Amino acid sequence: MDLNLSPWALTFLSAAIAMTVAWLIFFSSAAIVQRGTAHSKPASAVAQAARKPAGIMLPLLALQFVLRGAPDDLAHIALVRQATTIVLIASFTWLLMRMARGFGQAIVMAHRTDASDNLMARRIQTQTQVVTRLAVSGIGLIGFSLALMTIPDVRQIGTSLLASAGVVGIAAGLAARPVLGNLMAGLQIAFSQPIRLDDVVIVDGEWGTIEEINSTYVVVKIWDERRLIVPLQWWIEHPFQNWTRNSANILGTVFLWLDYRMPLQPLRNAMQAVCEMSPLWDGRVCLIQVTDFSEKAMQLRCLISSGDSGKSWDLRCLIREELMVVMQRDYPDYLPRVRAEIDKPLPSTAHADAEDTLGRPPSPQQRSPTPEHGQAPPVG
């Protein structure tokens, strides 16, 4: 047997034993952690997210200790150490990224948005998602940089690039301005929160809800199932309507144009009855007001309150339908009508036919006898 293989054989044997012990420690620790976090869903989510990368990182860490203790004169030992270090950094980066996502998922699970009053939950979920994405991106960037710094040639190239970064850095900064602007807008949205997940907004005349808030853009779900993609920076630079900024409660309006003779109390009674029977009404506001006059009719505004915008839309449609039934059944003659008053009687048809457009009396030819005067009409 070649004596040069003996140190490698000893190193391989030591590495196998160390990695086996590391796996045993991992499996026993994972079982203990799983039992300890079974009662808590957030803690269980974090532990489950860290399970796979930890199962890879612990044996690699044991292998790294063995390789560091191996003789330096072994063939290719430096290359093996460097490769193991890069893989170890990658696994540790993966572990941190998975733990960050698991921690964010745990916070989201603890603050659900399926409740009726979910303002605080939506606020926390929005902050959590934005911060989690930024944290994962930062961890990945740092891990990649650390892996590159373990390679001497790359480290020297990086130092040279930093020394001559002048114009290149300015050009790169200008090229990356939209990306950096969106990242900064994401941080600003996460903490100032002009929008949150499930907020009802109107963007460029489109009514929809905030479905996703990503690192560079926001997905708005339009009411007809379309998706509107809006950059993050747009929300900072342009005005928009947020119907659920402080509360999901909202007031809805229904407008009617009716004749002045229409009594208001029957309509008020009908709308009150509809609101009281409908689960869409939150019990706060239900009234009818005269808000405008015209030469033909009066404008009535029906004001109703609901718990959210979806219920408000359905309740407004219900009010229109029920009031239309009342008008059709009980007051069909009270729709808007055109009124006119005639001061002088109109000239008779015979007199109008007897005068031409210039107001002159009829000519003798126009005064031909007719059957009304007892004479037969001329025969050609």
# chains A, B, ... in the order shown; residues from 1 in each chain; ligands from 1
$ residues_around --residues "A:Ile213" --least-positions-apart "6" --cutoff "8 Å" --atoms "only C-alpha atoms" --output "PyMOL selection string"
chain A and resi 126+129-130+197+219
$ write_last_selection --atoms "N, CA and C atoms" --output "short mmCIF file (atom, residue, chain, number, x, y, z; two decimals), in the first residue's frame"
data_model
loop_
_atom_site.label_atom_id
_atom_site.label_comp_id
_atom_site.auth_asym_id
_atom_site.auth_seq_id
_atom_site.Cartn_x
_atom_site.Cartn_y
_atom_site.Cartn_z
N THR A 126 -48.43 42.89 6.24
CA THR A 126 -47.74 43.70 5.23
C THR A 126 -46.30 43.97 5.64
N GLN A 129 -44.21 40.62 5.45
CA GLN A 129 -43.85 40.15 4.11
C GLN A 129 -42.75 41.00 3.49
N VAL A 130 -42.86 42.32 3.61
CA VAL A 130 -41.84 43.18 3.01
C VAL A 130 -40.49 42.99 3.71
N LEU A 197 -52.00 44.55 2.81
CA LEU A 197 -52.64 43.41 2.16
C LEU A 197 -54.14 43.46 2.38
N VAL A 219 -49.34 43.67 -6.61
CA VAL A 219 -50.38 43.05 -7.44
C VAL A 219 -51.74 43.47 -6.89
#
$ atom_distance --atom1 "atom CA of A:Ile288" --atom2 "atom CA of A:Arg301"
5.6 Å
$ select_by_dssp --residues "stretch 214-359 of chain A" --states "helix (DSSP H, G or I)" --output "PyMOL selection string"
chain A and resi 232-237+265-277+309-330+332-334+349-354
$ residues_around --residues "A:Trp207" --least-positions-apart "6" --cutoff "7 Å" --atoms "only C-alpha atoms" --output "list in words"
Val201, Ile222 and Trp223 of chain A
$ write_last_selection --atoms "C-alpha atoms" --output "CSV table (one decimal), in the first residue's frame"
chain,number,residue,atom,x,y,z
A,201,VAL,CA,-58.0,50.7,-3.4
A,222,ILE,CA,-59.4,43.9,-9.9
A,223,TRP,CA,-63.1,43.1,-9.2
$ residues_around --residues "A:Cys275" --least-positions-apart "5" --cutoff "12 Å" --atoms "only C-alpha atoms" --output "NGL selection string"
:A and (268-270 or 280-287 or 302-306 or 311-312 or 314-320 or 322-323)
$ atom_distance --atom1 "atom CA of A:Ser44" --atom2 "atom CA of A:Trp23"
20.7 Å
$ closest_residue --among "A:Arg227, A:Phe144, A:Thr244, A:Arg123" --to "A:Ser192" --atoms "only C-alpha atoms"
A:Arg123
$ closest_residue --among "A:Leu96, A:Leu74, A:Val136, A:Met271" --to "A:Val254" --atoms "only C-alpha atoms"
A:Met271
$ residues_around --residues "A:Leu228" --least-positions-apart "5" --cutoff "9 Å" --atoms "only C-alpha atoms" --output "list in words"
Val203, Glu206, Gly208, Val218, Val219, Val220, Lys221 and Ile222 of chain A
$ atom_distance --atom1 "atom CA of A:Asp199" --atom2 "atom CA of A:Phe255"
26.2 Å
$ residues_around --residues "A:Tyr334" --least-positions-apart "4" --cutoff "12 Å" --atoms "only C-alpha atoms" --output "PyMOL selection string"
chain A and resi 256-264+296-298+324+326-330+338
$ write_last_selection --atoms "N, CA and C atoms" --output "compact mmCIF listing (two decimals), in the first residue's frame"
# COMPACT_ATOMS: atom_id res chain seq x y z
N LEU A 256 -81.58 58.59 -6.50
CA LEU A 256 -82.86 58.46 -7.19
C LEU A 256 -83.30 59.84 -7.68
N TRP A 257 -83.90 59.89 -8.87
CA TRP A 257 -84.52 61.11 -9.39
C TRP A 257 -86.02 60.86 -9.49
N LEU A 258 -86.80 61.63 -8.71
CA LEU A 258 -88.25 61.43 -8.65
C LEU A 258 -88.97 62.76 -8.78
N ASP A 259 -90.27 62.66 -9.06
CA ASP A 259 -91.10 63.85 -9.18
C ASP A 259 -91.27 64.52 -7.82
N TYR A 260 -91.54 65.83 -7.85
CA TYR A 260 -91.70 66.57 -6.60
C TYR A 260 -92.89 66.10 -5.77
N ARG A 261 -93.86 65.48 -6.39
CA ARG A 261 -95.04 65.04 -5.66
C ARG A 261 -94.80 63.77 -4.85
N MET A 262 -93.66 63.11 -5.06
CA MET A 262 -93.40 61.84 -4.39
C MET A 262 -93.22 62.04 -2.89
N PRO A 263 -94.03 61.39 -2.03
CA PRO A 263 -93.82 61.47 -0.58
C PRO A 263 -92.58 60.68 -0.17
N LEU A 264 -91.82 61.21 0.77
CA LEU A 264 -90.55 60.59 1.15
C LEU A 264 -90.69 59.51 2.21
N LYS A 296 -86.99 69.54 -13.42
CA LYS A 296 -87.84 68.40 -13.71
C LYS A 296 -88.11 67.52 -12.50
N ALA A 297 -87.14 67.37 -11.60
CA ALA A 297 -87.29 66.39 -10.52
C ALA A 297 -86.39 66.77 -9.36
N MET A 298 -86.53 66.02 -8.29
CA MET A 298 -85.66 66.17 -7.12
C MET A 298 -84.77 64.94 -7.01
N MET A 324 -86.99 50.08 -6.45
CA MET A 324 -87.59 50.03 -7.78
C MET A 324 -88.92 49.26 -7.74
N VAL A 326 -90.91 49.06 -5.14
CA VAL A 326 -91.87 49.95 -4.47
C VAL A 326 -92.41 50.99 -5.44
N MET A 327 -91.53 51.58 -6.25
CA MET A 327 -91.98 52.59 -7.20
C MET A 327 -92.88 51.98 -8.27
N GLN A 328 -92.53 50.81 -8.76
CA GLN A 328 -93.36 50.18 -9.79
C GLN A 328 -94.73 49.78 -9.24
N ARG A 329 -94.76 49.33 -8.02
CA ARG A 329 -96.01 48.82 -7.46
C ARG A 329 -96.93 49.92 -6.93
N ASP A 330 -96.35 50.86 -6.19
CA ASP A 330 -97.18 51.84 -5.47
C ASP A 330 -97.17 53.24 -6.07
N VAL A 338 -91.84 66.01 -17.57
CA VAL A 338 -91.63 67.35 -18.11
C VAL A 338 -92.94 68.13 -18.00
$ select_by_dssp --residues "stretch 133-315 of chain A" --states "strand (DSSP E)" --output "tab-separated table (two decimals) with N, CA and C atoms, in the first residue's frame"
chain	number	residue	atom	x	y	z
A	200	VAL	N	-58.68	47.79	0.10
A	200	VAL	CA	-59.50	48.11	-1.07
A	200	VAL	C	-59.05	49.46	-1.62
A	201	VAL	N	-58.58	49.48	-2.85
A	201	VAL	CA	-58.00	50.69	-3.44
A	201	VAL	C	-58.62	50.94	-4.81
A	202	ILE	N	-58.49	52.19	-5.24
A	202	ILE	CA	-58.86	52.57	-6.60
A	202	ILE	C	-57.61	53.16	-7.25
A	203	VAL	N	-57.12	52.48	-8.29
A	203	VAL	CA	-55.90	52.86	-8.98
A	203	VAL	C	-56.23	53.07	-10.45
A	206	GLU	N	-59.56	51.91	-11.49
A	206	GLU	CA	-59.86	50.49	-11.31
A	206	GLU	C	-60.05	50.20	-9.82
A	207	TRP	N	-61.16	49.52	-9.50
A	207	TRP	CA	-61.45	49.12	-8.12
A	207	TRP	C	-60.92	47.72	-7.89
A	208	GLY	N	-60.13	47.56	-6.81
A	208	GLY	CA	-59.58	46.24	-6.54
A	208	GLY	C	-59.01	46.16	-5.14
A	209	THR	N	-58.41	45.02	-4.83
A	209	THR	CA	-57.81	44.77	-3.52
A	209	THR	C	-56.33	44.45	-3.68
A	210	ILE	N	-55.54	44.78	-2.66
A	210	ILE	CA	-54.11	44.49	-2.67
A	210	ILE	C	-53.93	42.99	-2.43
A	211	GLU	N	-53.47	42.28	-3.44
A	211	GLU	CA	-53.31	40.83	-3.34
A	211	GLU	C	-51.90	40.43	-2.91
A	212	GLU	N	-50.88	41.09	-3.46
A	212	GLU	CA	-49.49	40.78	-3.13
A	212	GLU	C	-48.69	42.07	-3.04
A	213	ILE	N	-47.73	42.08	-2.13
A	213	ILE	CA	-46.75	43.17	-2.05
A	213	ILE	C	-45.38	42.53	-2.15
A	217	TYR	N	-42.84	45.33	-6.78
A	217	TYR	CA	-44.14	45.68	-7.35
A	217	TYR	C	-45.26	45.17	-6.46
A	218	VAL	N	-46.46	45.68	-6.74
A	218	VAL	CA	-47.67	45.32	-6.00
A	218	VAL	C	-48.68	44.75	-7.00
A	219	VAL	N	-49.34	43.67	-6.61
A	219	VAL	CA	-50.38	43.05	-7.44
A	219	VAL	C	-51.74	43.47	-6.89
A	220	VAL	N	-52.52	44.15	-7.73
A	220	VAL	CA	-53.88	44.58	-7.36
A	220	VAL	C	-54.87	43.67	-8.08
A	221	LYS	N	-55.71	43.01	-7.32
A	221	LYS	CA	-56.73	42.13	-7.90
A	221	LYS	C	-57.98	42.95	-8.21
A	222	ILE	N	-58.27	43.12	-9.50
A	222	ILE	CA	-59.43	43.90	-9.93
A	222	ILE	C	-60.69	43.07	-9.70
A	227	ARG	N	-55.58	41.29	-13.02
A	227	ARG	CA	-54.51	41.66	-12.11
A	227	ARG	C	-53.81	42.90	-12.65
A	228	LEU	N	-53.65	43.89	-11.80
A	228	LEU	CA	-52.96	45.13	-12.16
A	228	LEU	C	-51.61	45.15	-11.44
A	229	ILE	N	-50.53	45.21	-12.19
A	229	ILE	CA	-49.17	45.21	-11.64
A	229	ILE	C	-48.69	46.66	-11.55
A	230	VAL	N	-48.40	47.10	-10.34
A	230	VAL	CA	-48.01	48.49	-10.10
A	230	VAL	C	-46.66	48.51	-9.39
A	231	PRO	N	-45.65	49.23	-9.89
A	231	PRO	CA	-44.36	49.32	-9.18
A	231	PRO	C	-44.53	49.94	-7.80
A	241	GLN	N	-56.84	56.16	-4.04
A	241	GLN	CA	-57.86	56.02	-3.01
A	241	GLN	C	-57.66	54.70	-2.27
A	242	ASN	N	-57.68	54.79	-0.94
A	242	ASN	CA	-57.63	53.60	-0.08
A	242	ASN	C	-58.88	53.60	0.78
A	250	ILE	N	-67.61	51.32	5.66
A	250	ILE	CA	-67.73	52.24	4.53
A	250	ILE	C	-69.19	52.63	4.37
A	251	LEU	N	-69.41	53.84	3.85
A	251	LEU	CA	-70.74	54.34	3.55
A	251	LEU	C	-71.00	54.22	2.05
A	252	GLY	N	-72.16	53.70	1.70
A	252	GLY	CA	-72.54	53.58	0.30
A	252	GLY	C	-73.71	54.49	-0.02
A	253	THR	N	-73.83	54.89	-1.28
A	253	THR	CA	-74.89	55.81	-1.70
A	253	THR	C	-75.66	55.23	-2.88
A	254	VAL	N	-76.95	55.54	-2.90
A	254	VAL	CA	-77.83	55.21	-4.02
A	254	VAL	C	-78.61	56.48	-4.35
A	255	PHE	N	-78.61	56.91	-5.60
A	255	PHE	CA	-79.28	58.15	-6.01
A	255	PHE	C	-80.54	57.83	-6.80
A	256	LEU	N	-81.58	58.59	-6.50
A	256	LEU	CA	-82.86	58.46	-7.19
A	256	LEU	C	-83.30	59.84	-7.68
A	257	TRP	N	-83.90	59.89	-8.87
A	257	TRP	CA	-84.52	61.11	-9.39
A	257	TRP	C	-86.02	60.86	-9.49
A	258	LEU	N	-86.80	61.63	-8.71
A	258	LEU	CA	-88.25	61.43	-8.65
A	258	LEU	C	-88.97	62.76	-8.78
A	281	TRP	N	-76.12	45.00	6.21
A	281	TRP	CA	-76.14	46.29	6.91
A	281	TRP	C	-75.52	46.13	8.28
A	282	ASP	N	-74.66	47.09	8.67
A	282	ASP	CA	-73.99	47.01	9.97
A	282	ASP	C	-74.73	47.77	11.07
A	283	GLY	N	-75.89	48.34	10.78
A	283	GLY	CA	-76.71	48.97	11.81
A	283	GLY	C	-76.36	50.39	12.13
A	284	ARG	N	-75.46	51.04	11.38
A	284	ARG	CA	-75.04	52.40	11.72
A	284	ARG	C	-75.86	53.48	11.02
A	285	VAL	N	-75.91	53.45	9.71
A	285	VAL	CA	-76.53	54.53	8.95
A	285	VAL	C	-77.51	53.94	7.94
A	286	CYS	N	-78.73	54.52	7.92
A	286	CYS	CA	-79.73	54.15	6.92
A	286	CYS	C	-80.70	55.33	6.79
A	287	LEU	N	-80.52	56.17	5.80
A	287	LEU	CA	-81.35	57.37	5.69
A	287	LEU	C	-81.47	57.81	4.24
A	288	ILE	N	-82.51	58.63	3.99
A	288	ILE	CA	-82.75	59.22	2.68
A	288	ILE	C	-82.79	60.73	2.84
A	289	GLN	N	-82.07	61.43	1.97
A	289	GLN	CA	-82.01	62.89	2.01
A	289	GLN	C	-82.25	63.45	0.61
A	290	VAL	N	-82.89	64.63	0.57
A	290	VAL	CA	-83.04	65.35	-0.69
A	290	VAL	C	-81.77	66.19	-0.89
A	291	THR	N	-81.00	65.86	-1.90
A	291	THR	CA	-79.69	66.48	-2.07
A	291	THR	C	-79.61	67.43	-3.25
A	292	ASP	N	-80.65	67.47	-4.11
A	292	ASP	CA	-80.56	68.37	-5.27
A	292	ASP	C	-81.95	68.58	-5.84
A	293	PHE	N	-82.11	69.72	-6.52
A	293	PHE	CA	-83.33	70.07	-7.24
A	293	PHE	C	-82.97	70.35	-8.69
A	298	MET	N	-86.53	66.02	-8.29
A	298	MET	CA	-85.66	66.17	-7.12
A	298	MET	C	-84.77	64.94	-7.01
A	299	GLN	N	-83.57	65.14	-6.48
A	299	GLN	CA	-82.61	64.06	-6.31
A	299	GLN	C	-82.63	63.58	-4.87
A	300	LEU	N	-82.80	62.27	-4.68
A	300	LEU	CA	-82.76	61.66	-3.36
A	300	LEU	C	-81.48	60.85	-3.23
A	301	ARG	N	-80.81	61.00	-2.09
A	301	ARG	CA	-79.61	60.21	-1.82
A	301	ARG	C	-79.91	59.24	-0.68
A	302	CYS	N	-79.79	57.96	-0.97
A	302	CYS	CA	-79.93	56.92	0.05
A	302	CYS	C	-78.54	56.62	0.59
A	303	LEU	N	-78.33	56.83	1.88
A	303	LEU	CA	-77.02	56.63	2.51
A	303	LEU	C	-77.11	55.43	3.44
A	304	ILE	N	-76.24	54.44	3.22
A	304	ILE	CA	-76.26	53.20	3.98
A	304	ILE	C	-74.83	52.82	4.35
A	305	SER	N	-74.67	52.14	5.46
A	305	SER	CA	-73.35	51.74	5.96
A	305	SER	C	-73.22	50.23	5.95
A	306	SER	N	-71.98	49.78	5.74
A	306	SER	CA	-71.69	48.34	5.71
A	306	SER	C	-70.33	48.09	6.34
$ residues_around --residues "A:Leu187" --least-positions-apart "6" --cutoff "9 Å" --atoms "only C-alpha atoms" --output "PDB file with N, CA and C atoms, in the first residue's frame"
ATOM      1  N   GLN A 127     -46.094  44.407   6.870  1.00  0.00           N
ATOM      2  CA  GLN A 127     -44.734  44.651   7.345  1.00  0.00           C
ATOM      3  C   GLN A 127     -43.907  43.373   7.317  1.00  0.00           C
ATOM      4  N   VAL A 130     -42.858  42.317   3.611  1.00  0.00           N
ATOM      5  CA  VAL A 130     -41.837  43.183   3.015  1.00  0.00           C
ATOM      6  C   VAL A 130     -40.492  42.990   3.709  1.00  0.00           C
ATOM      7  N   VAL A 131     -40.493  42.997   5.043  1.00  0.00           N
ATOM      8  CA  VAL A 131     -39.237  42.849   5.785  1.00  0.00           C
ATOM      9  C   VAL A 131     -38.633  41.471   5.548  1.00  0.00           C
ATOM     10  N   LEU A 134     -36.921  41.433   2.128  1.00  0.00           N
ATOM     11  CA  LEU A 134     -35.668  42.189   2.169  1.00  0.00           C
ATOM     12  C   LEU A 134     -34.603  41.449   2.963  1.00  0.00           C
TER      13      LEU A 134
END
$ decode --residues "stretch 50-69 of chain A" --atoms "N, CA and C atoms" --output "PDB file, in the first residue's frame"
ATOM      1  N   ALA A  50     -36.173  25.103   9.319  1.00  0.00           N
ATOM      2  CA  ALA A  50     -34.728  24.954   9.535  1.00  0.00           C
ATOM      3  C   ALA A  50     -34.267  23.505   9.497  1.00  0.00           C
ATOM      4  N   ARG A  51     -35.170  22.556   9.380  1.00  0.00           N
ATOM      5  CA  ARG A  51     -34.801  21.146   9.507  1.00  0.00           C
ATOM      6  C   ARG A  51     -33.863  20.688   8.387  1.00  0.00           C
ATOM      7  N   LYS A  52     -34.230  20.915   7.137  1.00  0.00           N
ATOM      8  CA  LYS A  52     -33.421  20.418   6.021  1.00  0.00           C
ATOM      9  C   LYS A  52     -32.042  21.070   5.951  1.00  0.00           C
ATOM     10  N   PRO A  53     -31.934  22.402   5.970  1.00  0.00           N
ATOM     11  CA  PRO A  53     -30.578  22.982   5.909  1.00  0.00           C
ATOM     12  C   PRO A  53     -29.720  22.628   7.116  1.00  0.00           C
ATOM     13  N   ALA A  54     -30.334  22.490   8.303  1.00  0.00           N
ATOM     14  CA  ALA A  54     -29.545  22.094   9.474  1.00  0.00           C
ATOM     15  C   ALA A  54     -29.026  20.675   9.329  1.00  0.00           C
ATOM     16  N   GLY A  55     -29.822  19.789   8.711  1.00  0.00           N
ATOM     17  CA  GLY A  55     -29.367  18.421   8.479  1.00  0.00           C
ATOM     18  C   GLY A  55     -28.195  18.332   7.530  1.00  0.00           C
ATOM     19  N   ILE A  56     -27.999  19.332   6.699  1.00  0.00           N
ATOM     20  CA  ILE A  56     -26.839  19.370   5.808  1.00  0.00           C
ATOM     21  C   ILE A  56     -25.682  20.122   6.447  1.00  0.00           C
ATOM     22  N   MET A  57     -25.973  21.177   7.194  1.00  0.00           N
ATOM     23  CA  MET A  57     -24.917  22.031   7.724  1.00  0.00           C
ATOM     24  C   MET A  57     -24.131  21.344   8.839  1.00  0.00           C
ATOM     25  N   LEU A  58     -24.784  20.614   9.741  1.00  0.00           N
ATOM     26  CA  LEU A  58     -24.068  19.988  10.864  1.00  0.00           C
ATOM     27  C   LEU A  58     -23.035  18.964  10.394  1.00  0.00           C
ATOM     28  N   PRO A  59     -23.356  18.038   9.484  1.00  0.00           N
ATOM     29  CA  PRO A  59     -22.302  17.142   8.989  1.00  0.00           C
ATOM     30  C   PRO A  59     -21.182  17.879   8.260  1.00  0.00           C
ATOM     31  N   LEU A  60     -21.522  18.921   7.509  1.00  0.00           N
ATOM     32  CA  LEU A  60     -20.477  19.698   6.844  1.00  0.00           C
ATOM     33  C   LEU A  60     -19.584  20.409   7.851  1.00  0.00           C
ATOM     34  N   LEU A  61     -20.167  20.866   8.943  1.00  0.00           N
ATOM     35  CA  LEU A  61     -19.370  21.512   9.982  1.00  0.00           C
ATOM     36  C   LEU A  61     -18.408  20.514  10.624  1.00  0.00           C
ATOM     37  N   ALA A  62     -18.888  19.292  10.866  1.00  0.00           N
ATOM     38  CA  ALA A  62     -18.006  18.255  11.404  1.00  0.00           C
ATOM     39  C   ALA A  62     -16.898  17.916  10.408  1.00  0.00           C
ATOM     40  N   LEU A  63     -17.250  17.841   9.125  1.00  0.00           N
ATOM     41  CA  LEU A  63     -16.239  17.568   8.101  1.00  0.00           C
ATOM     42  C   LEU A  63     -15.205  18.682   8.049  1.00  0.00           C
ATOM     43  N   GLN A  64     -15.632  19.908   8.211  1.00  0.00           N
ATOM     44  CA  GLN A  64     -14.706  21.035   8.180  1.00  0.00           C
ATOM     45  C   GLN A  64     -13.710  20.959   9.335  1.00  0.00           C
ATOM     46  N   PHE A  65     -14.158  20.569  10.524  1.00  0.00           N
ATOM     47  CA  PHE A  65     -13.238  20.415  11.659  1.00  0.00           C
ATOM     48  C   PHE A  65     -12.208  19.334  11.387  1.00  0.00           C
ATOM     49  N   VAL A  66     -12.641  18.243  10.773  1.00  0.00           N
ATOM     50  CA  VAL A  66     -11.701  17.160  10.459  1.00  0.00           C
ATOM     51  C   VAL A  66     -10.676  17.622   9.434  1.00  0.00           C
ATOM     52  N   LEU A  67     -11.125  18.329   8.400  1.00  0.00           N
ATOM     53  CA  LEU A  67     -10.194  18.788   7.371  1.00  0.00           C
ATOM     54  C   LEU A  67      -9.216  19.820   7.911  1.00  0.00           C
ATOM     55  N   ARG A  68      -9.674  20.653   8.849  1.00  0.00           N
ATOM     56  CA  ARG A  68      -8.757  21.622   9.445  1.00  0.00           C
ATOM     57  C   ARG A  68      -7.675  20.934  10.275  1.00  0.00           C
ATOM     58  N   GLY A  69      -7.992  19.765  10.811  1.00  0.00           N
ATOM     59  CA  GLY A  69      -6.996  19.040  11.600  1.00  0.00           C
ATOM     60  C   GLY A  69      -6.111  18.126  10.786  1.00  0.00           C
TER      61      GLY A  69
END
